[in-house]
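Source file: target_28.txt. Holds: compact mmCIF, C-alpha atoms.
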```txt
# COMPACT_ATOMS: atom_id res chain seq x y z
CA ILE A 10 88.84 128.61 91.58
CA ASN A 11 90.49 126.11 89.30
CA LEU A 12 90.47 122.81 91.27
CA SER A 13 91.94 120.73 88.47
CA LYS A 14 95.45 121.98 89.25
CA TYR A 15 95.15 120.45 92.78
CA LYS A 16 94.07 116.98 91.68
CA TYR A 17 97.66 115.65 91.64
CA ASP A 18 98.25 117.05 95.12
CA VAL A 19 95.21 115.16 96.38
CA ILE A 20 96.27 111.95 94.63
CA TRP A 21 99.86 112.09 95.97
CA THR A 22 98.67 112.99 99.46
CA SER A 23 96.30 110.02 99.42
CA ILE A 24 99.01 107.65 98.18
CA LEU A 25 101.62 108.81 100.70
CA SER A 26 99.32 109.01 103.72
CA LEU A 27 99.25 105.24 104.39
CA PRO A 28 103.03 104.62 104.45
CA ILE A 29 103.58 107.78 106.50
CA ALA A 30 100.90 106.74 109.01
CA LEU A 31 102.32 103.21 109.29
CA SER A 32 105.86 104.55 109.73
CA LEU A 33 104.83 106.99 112.46
CA THR A 34 102.85 104.26 114.23
CA ALA A 35 105.91 101.99 114.24
CA ILE A 36 108.14 104.79 115.53
CA ILE A 37 105.75 105.50 118.40
CA GLN A 38 104.91 101.87 119.21
CA HIS A 39 108.55 100.74 119.33
CA ASN A 40 109.90 103.90 121.00
CA LEU A 41 112.44 104.30 118.22
CA LEU A 42 113.22 107.93 119.05
CA ASN A 43 114.01 107.08 122.67
CA ARG A 44 116.09 104.07 121.62
CA LEU A 45 118.10 106.26 119.27
CA GLY A 46 118.53 108.82 122.02
CA LYS A 47 119.80 106.15 124.43
CA LYS A 48 122.29 104.85 121.84
CA LEU A 49 123.56 108.39 121.31
CA CYS A 50 123.78 108.86 125.11
CA VAL A 51 121.53 111.90 125.06
CA THR A 52 118.77 110.42 127.27
CA GLN A 53 118.18 107.77 129.90
CA LYS A 54 114.40 107.63 129.43
CA PHE A 55 112.97 104.36 128.19
CA GLY A 56 110.02 105.94 126.37
CA ASN A 57 107.05 104.19 127.94
CA ILE A 58 104.34 105.94 129.89
CA ASP A 59 105.40 104.25 133.11
CA VAL A 60 107.55 101.41 134.39
CA TRP A 61 104.61 98.96 134.37
CA ASN A 62 104.22 99.41 130.60
CA TYR A 63 107.99 99.18 130.13
CA ILE A 64 108.10 95.87 131.99
CA THR A 65 105.06 94.32 130.34
CA ASP A 66 106.15 95.45 126.87
CA ASN A 67 109.54 93.81 127.35
CA PRO A 68 109.57 90.50 125.39
CA GLU A 69 112.06 89.02 127.87
CA VAL A 70 109.59 89.38 130.75
CA ILE A 71 107.19 86.50 130.46
CA TRP A 72 107.17 84.51 133.70
CA VAL A 73 106.18 86.34 136.85
CA ILE A 74 105.51 85.73 140.51
CA VAL A 75 102.51 87.69 141.76
CA ARG A 76 102.21 87.96 145.53
CA ASP A 77 98.73 88.78 146.81
CA ILE A 78 99.53 90.10 150.27
CA ASN A 79 95.96 90.39 151.62
CA ASN A 80 95.01 86.81 150.65
CA ASP A 81 98.39 85.20 151.50
CA LEU A 82 98.66 83.76 147.98
CA MET A 83 101.46 83.55 145.44
CA TYR A 84 100.90 82.92 141.74
CA TYR A 85 103.62 81.74 139.37
CA GLY A 86 102.80 81.88 135.67
CA TYR A 87 103.33 83.80 132.47
CA ILE A 88 101.58 86.99 131.47
CA GLU A 89 99.01 86.43 128.73
CA ALA A 90 97.37 89.86 129.04
CA TYR A 91 97.29 92.79 131.38
CA SER A 92 95.56 96.07 132.02
CA ASP A 93 96.35 98.95 134.31
CA THR A 94 94.12 101.68 135.64
CA SER A 95 95.05 104.33 138.14
CA SER A 96 94.24 102.18 141.17
CA ASN A 97 93.86 98.58 139.88
CA ILE A 98 96.03 96.08 138.11
CA GLU A 99 94.47 93.31 136.04
CA VAL A 100 96.64 90.39 135.00
CA PHE A 101 95.69 87.25 133.12
CA LEU A 102 98.24 84.50 133.79
CA ARG A 103 98.64 81.16 132.00
CA ASN A 104 100.12 77.86 133.27
CA VAL A 105 99.74 79.05 136.84
CA SER A 106 100.89 77.39 140.04
CA VAL A 107 99.23 78.77 143.17
CA TYR A 108 101.00 78.69 146.55
CA LYS A 109 100.45 79.97 150.07
CA ASN A 110 102.66 83.03 150.21
CA LEU A 111 104.05 82.68 153.74
CA SER A 112 104.48 78.91 153.93
CA GLY A 113 105.25 78.19 150.27
CA VAL A 114 102.83 75.22 150.26
CA LYS A 115 101.56 74.47 146.76
CA LEU A 116 97.78 74.61 146.56
CA TYR A 117 96.99 73.79 142.92
CA ASP A 118 97.81 74.32 139.23
CA THR A 119 95.50 75.90 136.68
CA ASP A 120 95.65 76.69 132.96
CA GLY A 121 94.62 80.32 133.43
CA LEU A 122 94.00 82.80 136.22
CA TYR A 123 92.63 86.34 136.17
CA ILE A 124 93.70 88.66 138.98
CA GLN A 125 92.27 92.11 139.66
CA ARG A 126 93.52 93.91 142.76
CA ASP A 127 94.45 97.31 144.07
CA ARG A 128 98.03 97.99 143.10
CA GLU A 129 98.99 98.40 146.77
CA ASN A 130 98.02 94.77 147.48
CA LEU A 131 100.17 93.10 144.82
CA ILE A 132 103.88 92.54 144.51
CA ILE A 133 105.08 91.39 141.10
CA GLU A 134 108.46 89.71 140.86
CA PHE A 135 110.40 88.67 137.79
CA PRO A 136 112.38 85.50 138.45
CA LYS A 137 115.56 84.66 136.61
CA THR A 138 114.91 82.60 133.51
CA GLN A 139 117.23 80.02 132.06
```

Serialized structure, structure tokens:
Amino acid sequence: INLSKYKYDVIWTSILSLPIALSLTAIIQHNLLNRLGKKLCVTQKFGNIDVWNYITDNPEVIWVIVRDINNDLMYYGYIEAYSDTSSNIEVFLRNVSVYKNLSGVKLYDTDGLYIQRDRENLIIEFPKTQ
């Protein structure tokens, strides 16, 4: 087998692999195919795995109210990081104000707060921003 005739194929494949990989990553990460489909009115899907990822990937959604039903607490802050498993939600909030949920009495402020709860025990609201 004469491998020398394939050396240019290997070189061009190596050169083109990085821009192709970066382009495909951007298309997947930014849901460009679904966005194009929505603009063309051929789909209503938003492209994320679930609504939680759609909401938390939205750059307009920053400030949230998290209601912890079992502990009668309400947290108001902005999402720094989050994680989602099948049964739990983990949220790291910054610039948090903590209130009693039922009475609305403010308990304290904190720079950061980590919450991990069963998804059935949390309600997450997205207040209007100015």

Problem - Shortest interatomic distance to A:Asn80 - which of A:Lys14, A:Lys137, A:Arg44, A:Arg126, counting only C-alpha atoms - result: A:Arg126

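What separates atom CA of A:Leu111 from atom CA of A:Arg76 is a distance of 9.9 Å.
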
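Rounded to one decimal, atom CA of A:Gly121 and atom CA of A:His39 lie 28.5 Å from each other.
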
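Remark: for A:Ala90, the closest of the candidate residues A:Ser106, A:Thr34, A:Thr119, A:Gln125 is A:Gln125 (distances computed over only C-alpha atoms).
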
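Taking atom CA of A:Ile71 and atom CA of A:Phe135 as endpoints, the distance between them is 8.3 Å.
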
Practice task
Determine, counting all atoms listed in the file, which protein, DNA and RNA residues have an atom within 12 Å of an atom of A:Glu129; residues of the same chain fewer than 4 positions away are not included. Present the result as a PyMOL selection string.
Solution key: chain A and resi 76-79+95-98+125+133
